[in-house]
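Q: Below are the structure tokens for one structure; questions will follow.
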Amino acid sequence: MSTQRPMVELRNIRKSYGTLEVLKGIDLSVERGRIVSIIGPSGSGKSTLLRSVNMLEEVSAGEIWLDGTQVNQPLSGRAFERHINGIRQAMGMVFQQFNLFPHLTVHQNIMIGPMRLKGLSKDAARQRADELLAKVGLTGKGGSYPNRLSGGQKQRVAIARALAMQPKVMLFDEATSALDPELVDEVNLVMKQLAGEHMTMLIVTHEMRFAAEVSDHVLFMDGGVVVEQGTPDRVLANPTEDRTRAFLRKHLSN
Amino acid sequence: MDLELLARIAPFIAEAALVTLELTVVSAVIGLVVSALVVLARFSRLAPLRWAAVAYVSVIRGTPLLVQLFLVFFGGPQLGLDLSPFTAGVLTMGFNIGAYMSEGIRGAILSVERGQSEAARSLGFGRLDTMRYFILPQAAPLMVRSLGVNTIILSKGTALVSTVGVVELTYSAQRLVTSTYKPFEVFAMAGAAYILIIGIISLIVRMVEASFDPSRRAPA
Ligand SMILES: Nc1ncnc2c1ncn2[C@@H]1O[C@H](COP(=O)(O)OP(=O)(O)OP(=O)(O)O)[C@@H](O)[C@H]1O
Ligand SMILES: [Mg+2]
């Protein structure tokens with residue numbers, strides 16, 4: 001196993017919706033176990049970039065690599081479907097709106113992926129689900145349906161659901177933006193715990209304090225380009241670009 | 001009201017009601033199969049299949065059922081398609097209601113939030129598995145309701161096949177009128193028979209609907 005090979009690598013990613021170019025050539029390399037936060041104003045392309053990594057969005061140009069395998073391989077039809085389903089199993093994604101499956105219990109939400117996609121037995125999947133529920137602080141909630149949970153609990157189940165696939169990378173798209181302020185910490189705590197376990201993570205966030213605490217690397221995007229990047233100390237505490245300064249000023253003041 | 005008359009015509013009405021029920025059930029089954037195929041085509045990755053599905057639905061919805069029935073029953077023999085009135089009736093109504101049912105199913109599928117399929121796809125589920133395990137179960141209650149409404153419309157639409165000579169409720173009632181000269185009693189009784197049939201359909205729909213526990217559905 002090479003220690004040099006990045007876990008996630010984006011090379012010159014471009015993405016257009018019709019004539020609107022929202023990603024204008026983005027490069028990013030994330031080493032194994034590193035945590036990269038992506039910040040920037042609304043509409044700058046953060047979500048589009050994150051969703052390009054597991055190809056929920058198809059890029060117009062560029063290359064996406066996961067641990068030495070090209071994600072956006074030029075395969076057709078069924079072959080691509082097989083390929084991308086395998087790739088996605090190795091990348092967990094957490095959404096702003098949780099997107100739990102409302103017709104399934106918490107247990108079933110977590111177990112269905114490992115059982116259907118990885119061939120785990122019901123008992124094994126159940127055991128894994130219970131371990132993950134313990135980890136996110138929701139022991140005993142397995143039998144509940146999602147509509148019985150608070151937002152913070154929902155998001156922690158969503159994280160457990162993603163972790164149940166034992167992914168190499170976790171992608172977070174504003175995981176706490178839809179939460180009431182008092183529920184943000186419980187989700188951040190789980191994410192910090194993952195950071196402590198050296199999970200490779202890409203985090204889109206508008207919480208500068210959280211980004212400063214957990215990230216190894218911060219990416220400031222505006223208008224589809226990376227304006228500035230580096231350690232949190234560099235980008236958040238001592239930004240050199242005017243656009244970064246203006247953004248941070250606005251964000252730290254409110 | 002002539003009670004003795006009602007008792008006399010009741011067996012004829014009952015027999016004809018069974019034919020109407022049979023027309024409804026057979027057409028509904030054909031409609032279900034047709035609608036499933038149309039929906040599959042509609043969500044296919046192949047554009048020509050999608051266009052064919054759209055064209056099919058517009059043609060069916062753009063022409064009267066009666067014209068479709070005459071086309072099949074009277075026009076069919078010209079193409080070597082010599083169908084009995086009953087067969088022509090259920091085929092026409094099945095393919096007709098299938099178009100409407102497909103729109104209901106499609107609407108129910110589209111009513112499921114986009115985030116649901118994104119969550120499933122991001123776990124690594126394929127297109128079909130995503131439909132099967134996540135979208136269809138959530139679309140099911142709405143789907144059943146819309147299929148039920150279409151089946152009720154269908155059951156009343158069966159009256160049209162009286163025009164090609166199937167002795168169902170409406171045609172049977174017309175014949176009873178010519179022998180009894182009591183149109184009010186006869187048609188009132190026929191109407192009551194339709195209400196009974198629709199009541200049975202509604203009951204079945206409600207039972208199926210109740211089998212989906214609403215507590216499992218997401219609050220809006
Ligand atoms: N499906 C789409 N069709 C057309 N334009 C889109 C689509 N999705 C996003 N966009 C546009 O792409 C740009 C980038 O959007 P994106 O959602 O990536 O921004 P963001 O940085 O995540 O913003 P926010 O902080 O508000 O979530 C925006 O201008 C948006 O309007
Ligand atoms: Mg976004």
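In the structure tokens, the first chain shown is A, the next is B, and so on; residue numbers restart at 1 for each chain, and ligands run from 1 in the order shown.
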Kindly compile the residues surrounding ligand 2 within 12 Å, counting only C-alpha atoms and all ligand atoms, and format them as a ChimeraX atom specification.
A: /A:38-51,95-97,172-178,203-206,221
Q: Please report as a list of chain:residue names which residues of chain A come no farther than 8 Å from chain B, using only C-alpha atoms.
A: A:Asn54, A:Leu56, A:Glu81, A:Arg82, A:Ile84, A:Asn85, A:Gly86, A:Ile87, A:Arg88, A:Gln89, A:Met91, A:Gly92, A:Met93, A:Gln97, A:Asn99, A:Leu100, A:Phe101, A:Pro102, A:His103, A:Leu104, A:Gly113, A:Leu117, A:Tyr145, A:Pro146, A:Asn147, A:Ala162, A:Met165
Q: Keeping N, CA, C and O atoms for every residue in the selection just given, could you write it to a file as a compact mmCIF listing (two decimals), in the first residue's frame?
A:
# COMPACT_ATOMS: atom_id res chain seq x y z
N ASN A 54 -18.53 11.76 -5.79
CA ASN A 54 -19.15 10.44 -5.97
C ASN A 54 -20.10 10.42 -7.17
O ASN A 54 -20.93 9.54 -7.30
N LEU A 56 -22.68 12.13 -8.02
CA LEU A 56 -24.10 12.48 -8.01
C LEU A 56 -24.30 13.59 -9.03
O LEU A 56 -25.39 13.77 -9.57
N GLU A 81 -22.55 1.71 -14.59
CA GLU A 81 -23.44 1.54 -13.43
C GLU A 81 -22.79 0.62 -12.39
O GLU A 81 -22.75 0.94 -11.20
N ARG A 82 -22.25 -0.50 -12.85
CA ARG A 82 -21.57 -1.43 -11.94
C ARG A 82 -20.38 -0.76 -11.27
O ARG A 82 -20.17 -0.86 -10.07
N ILE A 84 -19.68 2.51 -10.86
CA ILE A 84 -19.95 3.62 -9.96
C ILE A 84 -20.62 3.14 -8.68
O ILE A 84 -20.39 3.69 -7.59
N ASN A 85 -21.43 2.08 -8.77
CA ASN A 85 -22.05 1.55 -7.55
C ASN A 85 -20.99 1.02 -6.60
O ASN A 85 -21.09 1.20 -5.38
N GLY A 86 -19.96 0.40 -7.16
CA GLY A 86 -18.85 -0.07 -6.33
C GLY A 86 -18.10 1.09 -5.70
O GLY A 86 -17.78 1.08 -4.51
N ILE A 87 -17.83 2.11 -6.50
CA ILE A 87 -17.12 3.29 -6.00
C ILE A 87 -17.92 3.96 -4.87
O ILE A 87 -17.38 4.32 -3.83
N ARG A 88 -19.21 4.10 -5.10
CA ARG A 88 -20.04 4.80 -4.10
C ARG A 88 -20.10 4.04 -2.79
O ARG A 88 -20.27 4.65 -1.72
N GLN A 89 -19.99 2.71 -2.85
CA GLN A 89 -19.98 1.95 -1.60
C GLN A 89 -18.79 2.33 -0.74
O GLN A 89 -18.82 2.18 0.48
N MET A 91 -17.62 5.37 -0.52
CA MET A 91 -17.70 6.78 -0.12
C MET A 91 -19.02 7.02 0.58
O MET A 91 -20.08 6.89 -0.02
N GLY A 92 -18.95 7.40 1.83
CA GLY A 92 -20.18 7.72 2.54
C GLY A 92 -20.55 9.16 2.31
O GLY A 92 -19.68 10.02 2.22
N MET A 93 -21.87 9.43 2.20
CA MET A 93 -22.26 10.82 2.02
C MET A 93 -23.34 11.20 3.03
O MET A 93 -24.27 10.44 3.29
N GLN A 97 -30.17 17.67 4.41
CA GLN A 97 -31.55 17.31 4.78
C GLN A 97 -31.67 15.88 5.31
O GLN A 97 -32.75 15.29 5.27
N ASN A 99 -31.99 12.96 4.65
CA ASN A 99 -32.43 11.94 3.69
C ASN A 99 -32.46 10.53 4.26
O ASN A 99 -32.06 9.58 3.59
N LEU A 100 -32.94 10.40 5.48
CA LEU A 100 -33.18 9.05 6.00
C LEU A 100 -34.35 8.46 5.24
O LEU A 100 -35.18 9.18 4.70
N PHE A 101 -34.43 7.12 5.22
CA PHE A 101 -35.54 6.47 4.55
C PHE A 101 -36.71 6.39 5.52
O PHE A 101 -36.65 5.64 6.49
N PRO A 102 -37.77 7.15 5.29
CA PRO A 102 -38.84 7.27 6.29
C PRO A 102 -39.65 6.00 6.47
O PRO A 102 -40.30 5.83 7.49
N HIS A 103 -39.62 5.11 5.46
CA HIS A 103 -40.42 3.89 5.57
C HIS A 103 -39.66 2.78 6.28
O HIS A 103 -40.19 1.68 6.44
N LEU A 104 -38.43 3.05 6.69
CA LEU A 104 -37.62 2.04 7.37
C LEU A 104 -37.27 2.51 8.78
O LEU A 104 -37.12 3.71 9.02
N GLY A 113 -28.02 -1.30 3.49
CA GLY A 113 -26.86 -1.25 2.60
C GLY A 113 -25.95 -2.46 2.77
O GLY A 113 -25.71 -3.21 1.82
N LEU A 117 -26.07 -4.89 -0.33
CA LEU A 117 -24.94 -4.59 -1.23
C LEU A 117 -23.68 -5.35 -0.86
O LEU A 117 -22.83 -5.60 -1.71
N TYR A 145 -38.87 4.89 14.02
CA TYR A 145 -38.91 5.42 12.66
C TYR A 145 -38.34 6.84 12.67
O TYR A 145 -38.45 7.54 13.68
N PRO A 146 -37.76 7.25 11.53
CA PRO A 146 -37.10 8.55 11.50
C PRO A 146 -37.97 9.72 11.96
O PRO A 146 -37.48 10.66 12.57
N ASN A 147 -39.28 9.66 11.68
CA ASN A 147 -40.10 10.82 12.05
C ASN A 147 -40.30 10.95 13.56
O ASN A 147 -40.94 11.89 14.01
N ALA A 162 -24.12 5.78 6.75
CA ALA A 162 -23.01 5.88 5.81
C ALA A 162 -21.82 5.04 6.30
O ALA A 162 -21.17 4.34 5.52
N MET A 165 -21.35 1.11 5.69
CA MET A 165 -20.76 0.58 4.46
C MET A 165 -19.23 0.54 4.55
O MET A 165 -18.57 0.18 3.60
Q: Just give me the gap between CA of Met55 in chain A and CA of Glu21 in chain A in Å, one decimal is fine.
A: 17.0 Å
Q: Nearest to ligand 1 among A:Asn188, A:Ser52, A:Thr69, A:Asn12, with distances taken over only C-alpha atoms and all ligand atoms: which residue is it?
A: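 Going through A:Asn188, A:Ser52, A:Thr69, A:Asn12 one by one, the smallest distance to ligand 1 is for A:Ser52.
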Q: When distances are computed from only C-alpha atoms, which of A:Arg116, A:Arg234, A:Lys15, A:Lys154 shows the smallest separation from Leu133 in chain A?
A: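 Residue with the minimum atom-to-atom distance to Leu133 in chain A: A:Lys154.
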Q: Could you pull out the strand (DSSP E or B) residues of range 54-250 of chain A, going by DSSP on the backbone, and write them as a count of residues only?
A: 34
Q: In Å, rounded to a single decimal, give me how far CA of Leu183 in chain A is from CA of Leu248 in chain A.
A: 23.7 Å
Q: Find the spatial neighbours of Gly33 in chain A, counting only C-alpha atoms, within a cut-off of 10 Å - ignore same-chain residues fewer than 3 positions away - and output them as a VMD selection string.
A: chain A and resid 6 to 7 30 36 168 to 169 194 to 201 216
Q: Those same residues - all heavy atoms - I'd like them written as a compact mmCIF listing (two decimals), in the first residue's frame.
A:
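Contents of out-v3.txt, freshly written:
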# COMPACT_ATOMS: atom_id res chain seq x y z
N PRO A 6 -2.77 9.71 -3.05
CA PRO A 6 -3.84 10.40 -2.32
C PRO A 6 -5.10 9.53 -2.26
O PRO A 6 -5.31 8.70 -3.14
CB PRO A 6 -4.10 11.66 -3.13
CG PRO A 6 -3.26 11.59 -4.34
CD PRO A 6 -2.47 10.34 -4.33
N MET A 7 -5.89 9.73 -1.22
CA MET A 7 -7.15 9.01 -1.11
C MET A 7 -8.15 9.54 -2.12
O MET A 7 -8.83 8.80 -2.80
CB MET A 7 -7.69 9.16 0.31
CG MET A 7 -8.94 8.39 0.56
SD MET A 7 -8.70 6.64 0.25
CE MET A 7 -8.55 6.03 1.90
N VAL A 30 -6.40 14.92 -1.47
CA VAL A 30 -6.63 14.64 -0.05
C VAL A 30 -5.91 13.35 0.32
O VAL A 30 -6.23 12.29 -0.20
CB VAL A 30 -8.15 14.48 0.23
CG1 VAL A 30 -8.37 14.34 1.73
CG2 VAL A 30 -8.93 15.66 -0.32
N VAL A 36 -10.45 17.78 4.98
CA VAL A 36 -10.45 19.00 4.19
C VAL A 36 -11.81 19.67 4.31
O VAL A 36 -12.84 19.03 4.11
CB VAL A 36 -10.15 18.69 2.70
CG1 VAL A 36 -10.31 19.95 1.86
CG2 VAL A 36 -8.75 18.11 2.54
N LYS A 168 -14.15 4.41 2.67
CA LYS A 168 -12.78 4.92 2.79
C LYS A 168 -12.80 6.43 3.02
O LYS A 168 -11.83 7.00 3.50
CB LYS A 168 -12.02 4.66 1.50
CG LYS A 168 -11.83 3.20 1.16
CD LYS A 168 -11.15 3.11 -0.19
CE LYS A 168 -10.79 1.66 -0.51
NZ LYS A 168 -10.21 1.56 -1.86
N VAL A 169 -13.89 7.07 2.59
CA VAL A 169 -13.98 8.53 2.64
C VAL A 169 -15.39 8.90 3.07
O VAL A 169 -16.34 8.22 2.73
CB VAL A 169 -13.75 9.14 1.23
CG1 VAL A 169 -13.85 10.65 1.27
CG2 VAL A 169 -12.43 8.70 0.66
N LEU A 194 -14.91 11.02 14.49
CA LEU A 194 -14.43 10.37 13.26
C LEU A 194 -13.07 10.92 12.87
O LEU A 194 -12.19 10.18 12.41
CB LEU A 194 -15.42 10.62 12.11
CG LEU A 194 -16.68 9.80 12.08
CD1 LEU A 194 -17.53 10.21 10.89
CD2 LEU A 194 -16.33 8.32 11.99
N ALA A 195 -12.91 12.22 13.06
CA ALA A 195 -11.62 12.83 12.74
C ALA A 195 -10.53 12.20 13.60
O ALA A 195 -9.45 11.89 13.11
CB ALA A 195 -11.69 14.34 12.99
N GLY A 196 -10.86 11.96 14.88
CA GLY A 196 -9.91 11.34 15.78
C GLY A 196 -9.54 9.93 15.36
O GLY A 196 -8.46 9.43 15.68
N GLU A 197 -10.44 9.28 14.62
CA GLU A 197 -10.16 7.92 14.15
C GLU A 197 -9.50 7.93 12.79
O GLU A 197 -9.40 6.90 12.13
CB GLU A 197 -11.47 7.13 14.09
CG GLU A 197 -12.09 6.90 15.46
CD GLU A 197 -13.54 6.44 15.37
OE1 GLU A 197 -14.02 6.13 14.26
OE2 GLU A 197 -14.20 6.40 16.43
N HIS A 198 -9.12 9.10 12.32
CA HIS A 198 -8.41 9.26 11.05
C HIS A 198 -9.22 8.83 9.84
O HIS A 198 -8.70 8.27 8.89
CB HIS A 198 -7.07 8.52 11.07
CG HIS A 198 -6.23 8.94 12.24
ND1 HIS A 198 -5.69 10.20 12.31
CD2 HIS A 198 -5.89 8.30 13.37
CE1 HIS A 198 -5.05 10.32 13.47
NE2 HIS A 198 -5.14 9.18 14.14
N MET A 199 -10.50 9.10 9.90
CA MET A 199 -11.34 8.94 8.71
C MET A 199 -10.98 10.06 7.74
O MET A 199 -10.81 11.21 8.16
CB MET A 199 -12.82 9.03 9.11
CG MET A 199 -13.80 9.08 7.96
SD MET A 199 -13.82 7.60 6.94
CE MET A 199 -14.85 6.49 7.90
N THR A 200 -10.86 9.74 6.47
CA THR A 200 -10.64 10.78 5.46
C THR A 200 -11.97 11.48 5.23
O THR A 200 -12.98 10.82 4.98
CB THR A 200 -10.15 10.16 4.14
OG1 THR A 200 -9.06 9.28 4.42
CG2 THR A 200 -9.72 11.23 3.16
N MET A 201 -11.98 12.82 5.35
CA MET A 201 -13.25 13.51 5.23
C MET A 201 -13.16 14.76 4.37
O MET A 201 -12.18 15.51 4.45
CB MET A 201 -13.77 13.92 6.62
CG MET A 201 -13.96 12.76 7.58
SD MET A 201 -15.08 13.19 8.93
CE MET A 201 -13.96 13.72 10.17
N ASP A 216 -7.42 19.73 8.50
CA ASP A 216 -6.00 19.83 8.20
C ASP A 216 -5.78 20.87 7.10
O ASP A 216 -4.70 21.44 6.97
CB ASP A 216 -5.47 18.49 7.69
CG ASP A 216 -5.68 17.40 8.72
OD1 ASP A 216 -5.14 17.53 9.82
OD2 ASP A 216 -6.41 16.43 8.41
Q: Restricting the calculation to only C-alpha atoms and all ligand atoms, which member of A:Gly18, A:Gly62, A:Gly140, A:Pro167 is positioned closest to ligand 1?
A: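 Checking each of A:Gly18, A:Gly62, A:Gly140, A:Pro167 against ligand 1, counting only C-alpha atoms and all ligand atoms, the winner is A:Gly18.
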Q: Report the distance between CA of Ile13 in chain A and CA of Val53 in chain A in Å, rounded to one decimal place.
A: 9.9 Å
Q: Applying 12 Å and only C-alpha atoms, which residues near Asp123 in chain A remain after dropping the ones on its own chain fewer than 4 positions away? List them as a list in words.
A: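 Once the adjacent positions are removed, what remains is His107, Met111, Pro114, Met115, Gly119, Gln127, Arg128, Ala129 and Asp130 of chain A.
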Q: Find the spatial neighbours of range 158-161 of chain A, counting only C-alpha atoms, within a cut-off of 6 Å - ignore same-chain residues fewer than 3 positions away - and output them as a PyMOL selection string.
A: chain A and resi 110+132+155+164
Q: Mind dumping the selected residues with N, CA and C atoms as a compact mmCIF listing (two decimals), in the first residue's frame?
A:
# COMPACT_ATOMS: atom_id res chain seq x y z
N ILE A 110 -29.86 1.56 8.60
CA ILE A 110 -28.43 1.29 8.69
C ILE A 110 -28.07 -0.07 8.09
N LEU A 132 -22.68 0.93 15.69
CA LEU A 132 -22.65 2.29 15.16
C LEU A 132 -23.60 3.20 15.93
N GLN A 155 -29.54 13.16 11.90
CA GLN A 155 -28.25 13.31 11.21
C GLN A 155 -27.24 12.30 11.74
N ALA A 164 -21.87 2.40 8.03
CA ALA A 164 -22.14 0.96 7.98
C ALA A 164 -21.57 0.32 6.72
Q: Write out as a list in words each polymer residue whose atoms come within 9 Å of Tyr100 in chain B, counting only C-alpha atoms; drop sequence neighbours fewer than 2 positions from it.
A: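 In the requested format, the answer is Gly31, Ser35, Val57, Ile60, Arg61, Asn96, Ile97, Gly98, Ser102, Glu103, Gly104, Ile105, Leu147 and Asn150 of chain B.
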Q: Please produce an output containing all heavy atoms for each residue in the selection, written as a short mmCIF file (atom, residue, chain, number, x, y, z; two decimals), in the first residue's frame.
A:
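Dumped everything to again_21.cif:
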data_model
loop_
_atom_site.label_atom_id
_atom_site.label_comp_id
_atom_site.auth_asym_id
_atom_site.auth_seq_id
_atom_site.Cartn_x
_atom_site.Cartn_y
_atom_site.Cartn_z
N GLY B 31 -54.95 -3.13 -17.73
CA GLY B 31 -54.48 -1.76 -17.50
C GLY B 31 -53.24 -1.72 -16.60
O GLY B 31 -52.31 -0.96 -16.85
N SER B 35 -49.83 -0.25 -17.79
CA SER B 35 -49.28 0.93 -17.10
C SER B 35 -47.88 0.65 -16.58
O SER B 35 -47.01 1.52 -16.64
CB SER B 35 -50.20 1.36 -15.97
OG SER B 35 -50.26 0.37 -14.97
N VAL B 57 -49.38 7.81 -24.32
CA VAL B 57 -50.28 8.43 -23.35
C VAL B 57 -51.05 9.60 -23.98
O VAL B 57 -52.25 9.76 -23.76
CB VAL B 57 -49.50 8.88 -22.09
CG1 VAL B 57 -50.39 9.71 -21.16
CG2 VAL B 57 -48.97 7.68 -21.33
N ILE B 60 -53.84 8.24 -26.36
CA ILE B 60 -54.96 7.67 -25.61
C ILE B 60 -55.79 8.78 -24.96
O ILE B 60 -57.01 8.79 -25.00
CB ILE B 60 -54.45 6.70 -24.52
CG1 ILE B 60 -53.80 5.48 -25.15
CG2 ILE B 60 -55.58 6.31 -23.58
CD1 ILE B 60 -54.75 4.49 -25.77
N ARG B 61 -55.08 9.74 -24.35
CA ARG B 61 -55.80 10.80 -23.64
C ARG B 61 -56.44 11.80 -24.60
O ARG B 61 -57.36 12.51 -24.23
CB ARG B 61 -54.88 11.54 -22.67
CG ARG B 61 -54.41 10.63 -21.54
CD ARG B 61 -54.13 11.40 -20.30
NE ARG B 61 -53.01 12.31 -20.43
CZ ARG B 61 -52.43 12.91 -19.41
NH1 ARG B 61 -52.87 12.70 -18.18
NH2 ARG B 61 -51.41 13.70 -19.60
N ASN B 96 -56.67 1.68 -22.63
CA ASN B 96 -57.05 3.07 -22.33
C ASN B 96 -56.73 3.42 -20.89
O ASN B 96 -56.00 4.38 -20.61
CB ASN B 96 -58.55 3.26 -22.62
CG ASN B 96 -59.03 4.65 -22.29
OD1 ASN B 96 -59.22 4.98 -21.13
ND2 ASN B 96 -59.18 5.48 -23.31
N ILE B 97 -57.25 2.63 -19.95
CA ILE B 97 -57.05 2.97 -18.54
C ILE B 97 -55.58 2.82 -18.16
O ILE B 97 -55.08 3.51 -17.26
CB ILE B 97 -57.98 2.13 -17.62
CG1 ILE B 97 -58.26 2.87 -16.32
CG2 ILE B 97 -57.38 0.77 -17.31
CD1 ILE B 97 -59.15 4.08 -16.47
N GLY B 98 -54.87 1.94 -18.88
CA GLY B 98 -53.43 1.75 -18.62
C GLY B 98 -52.67 3.06 -18.78
O GLY B 98 -51.75 3.36 -18.02
N SER B 102 -50.78 4.84 -15.74
CA SER B 102 -49.33 5.08 -15.81
C SER B 102 -49.01 6.50 -15.34
O SER B 102 -48.00 6.74 -14.68
CB SER B 102 -48.80 4.85 -17.22
OG SER B 102 -49.11 5.94 -18.06
N GLU B 103 -49.89 7.43 -15.67
CA GLU B 103 -49.67 8.81 -15.21
C GLU B 103 -49.77 8.91 -13.69
O GLU B 103 -49.01 9.64 -13.05
CB GLU B 103 -50.68 9.75 -15.87
CG GLU B 103 -50.37 10.05 -17.33
CD GLU B 103 -49.07 10.83 -17.49
OE1 GLU B 103 -49.06 12.04 -17.24
OE2 GLU B 103 -48.06 10.20 -17.86
N GLY B 104 -50.71 8.17 -13.12
CA GLY B 104 -50.86 8.15 -11.66
C GLY B 104 -49.64 7.55 -10.98
O GLY B 104 -49.14 8.08 -9.98
N ILE B 105 -49.15 6.45 -11.54
CA ILE B 105 -47.97 5.79 -10.96
C ILE B 105 -46.77 6.71 -11.08
O ILE B 105 -45.99 6.87 -10.13
CB ILE B 105 -47.70 4.45 -11.70
CG1 ILE B 105 -48.84 3.47 -11.43
CG2 ILE B 105 -46.35 3.86 -11.25
CD1 ILE B 105 -48.73 2.19 -12.23
N LEU B 147 -54.62 4.38 -8.46
CA LEU B 147 -55.10 3.19 -9.18
C LEU B 147 -56.56 2.93 -8.83
O LEU B 147 -57.36 2.56 -9.69
CB LEU B 147 -54.25 1.97 -8.84
CG LEU B 147 -52.82 1.97 -9.42
CD1 LEU B 147 -52.03 0.79 -8.88
CD2 LEU B 147 -52.85 1.95 -10.93
N ASN B 150 -58.78 5.36 -10.72
CA ASN B 150 -58.87 4.96 -12.12
C ASN B 150 -59.75 3.74 -12.32
O ASN B 150 -60.46 3.64 -13.32
CB ASN B 150 -57.46 4.70 -12.69
CG ASN B 150 -56.79 5.98 -13.14
OD1 ASN B 150 -57.37 6.72 -13.94
ND2 ASN B 150 -55.61 6.25 -12.64
#
Q: Where does DSSP see alpha helix (DSSP H) in range 15-210 of chain B, if you list the residues as an NGL selection string?
A: :B and (15-42 or 47-62 or 65-73 or 85-110 or 114-123 or 127-130 or 136-157 or 169-180 or 183-210)
Q: What's around range 86-93 of chain B at 8 Å? Count only C-alpha atoms, leave out sequence neighbours fewer than 5 positions away in its own chain, and write the answer as a ChimeraX atom specification.
A: /B:23-24,26-27,30-31,65,68-69,72-73,154,158,161,166
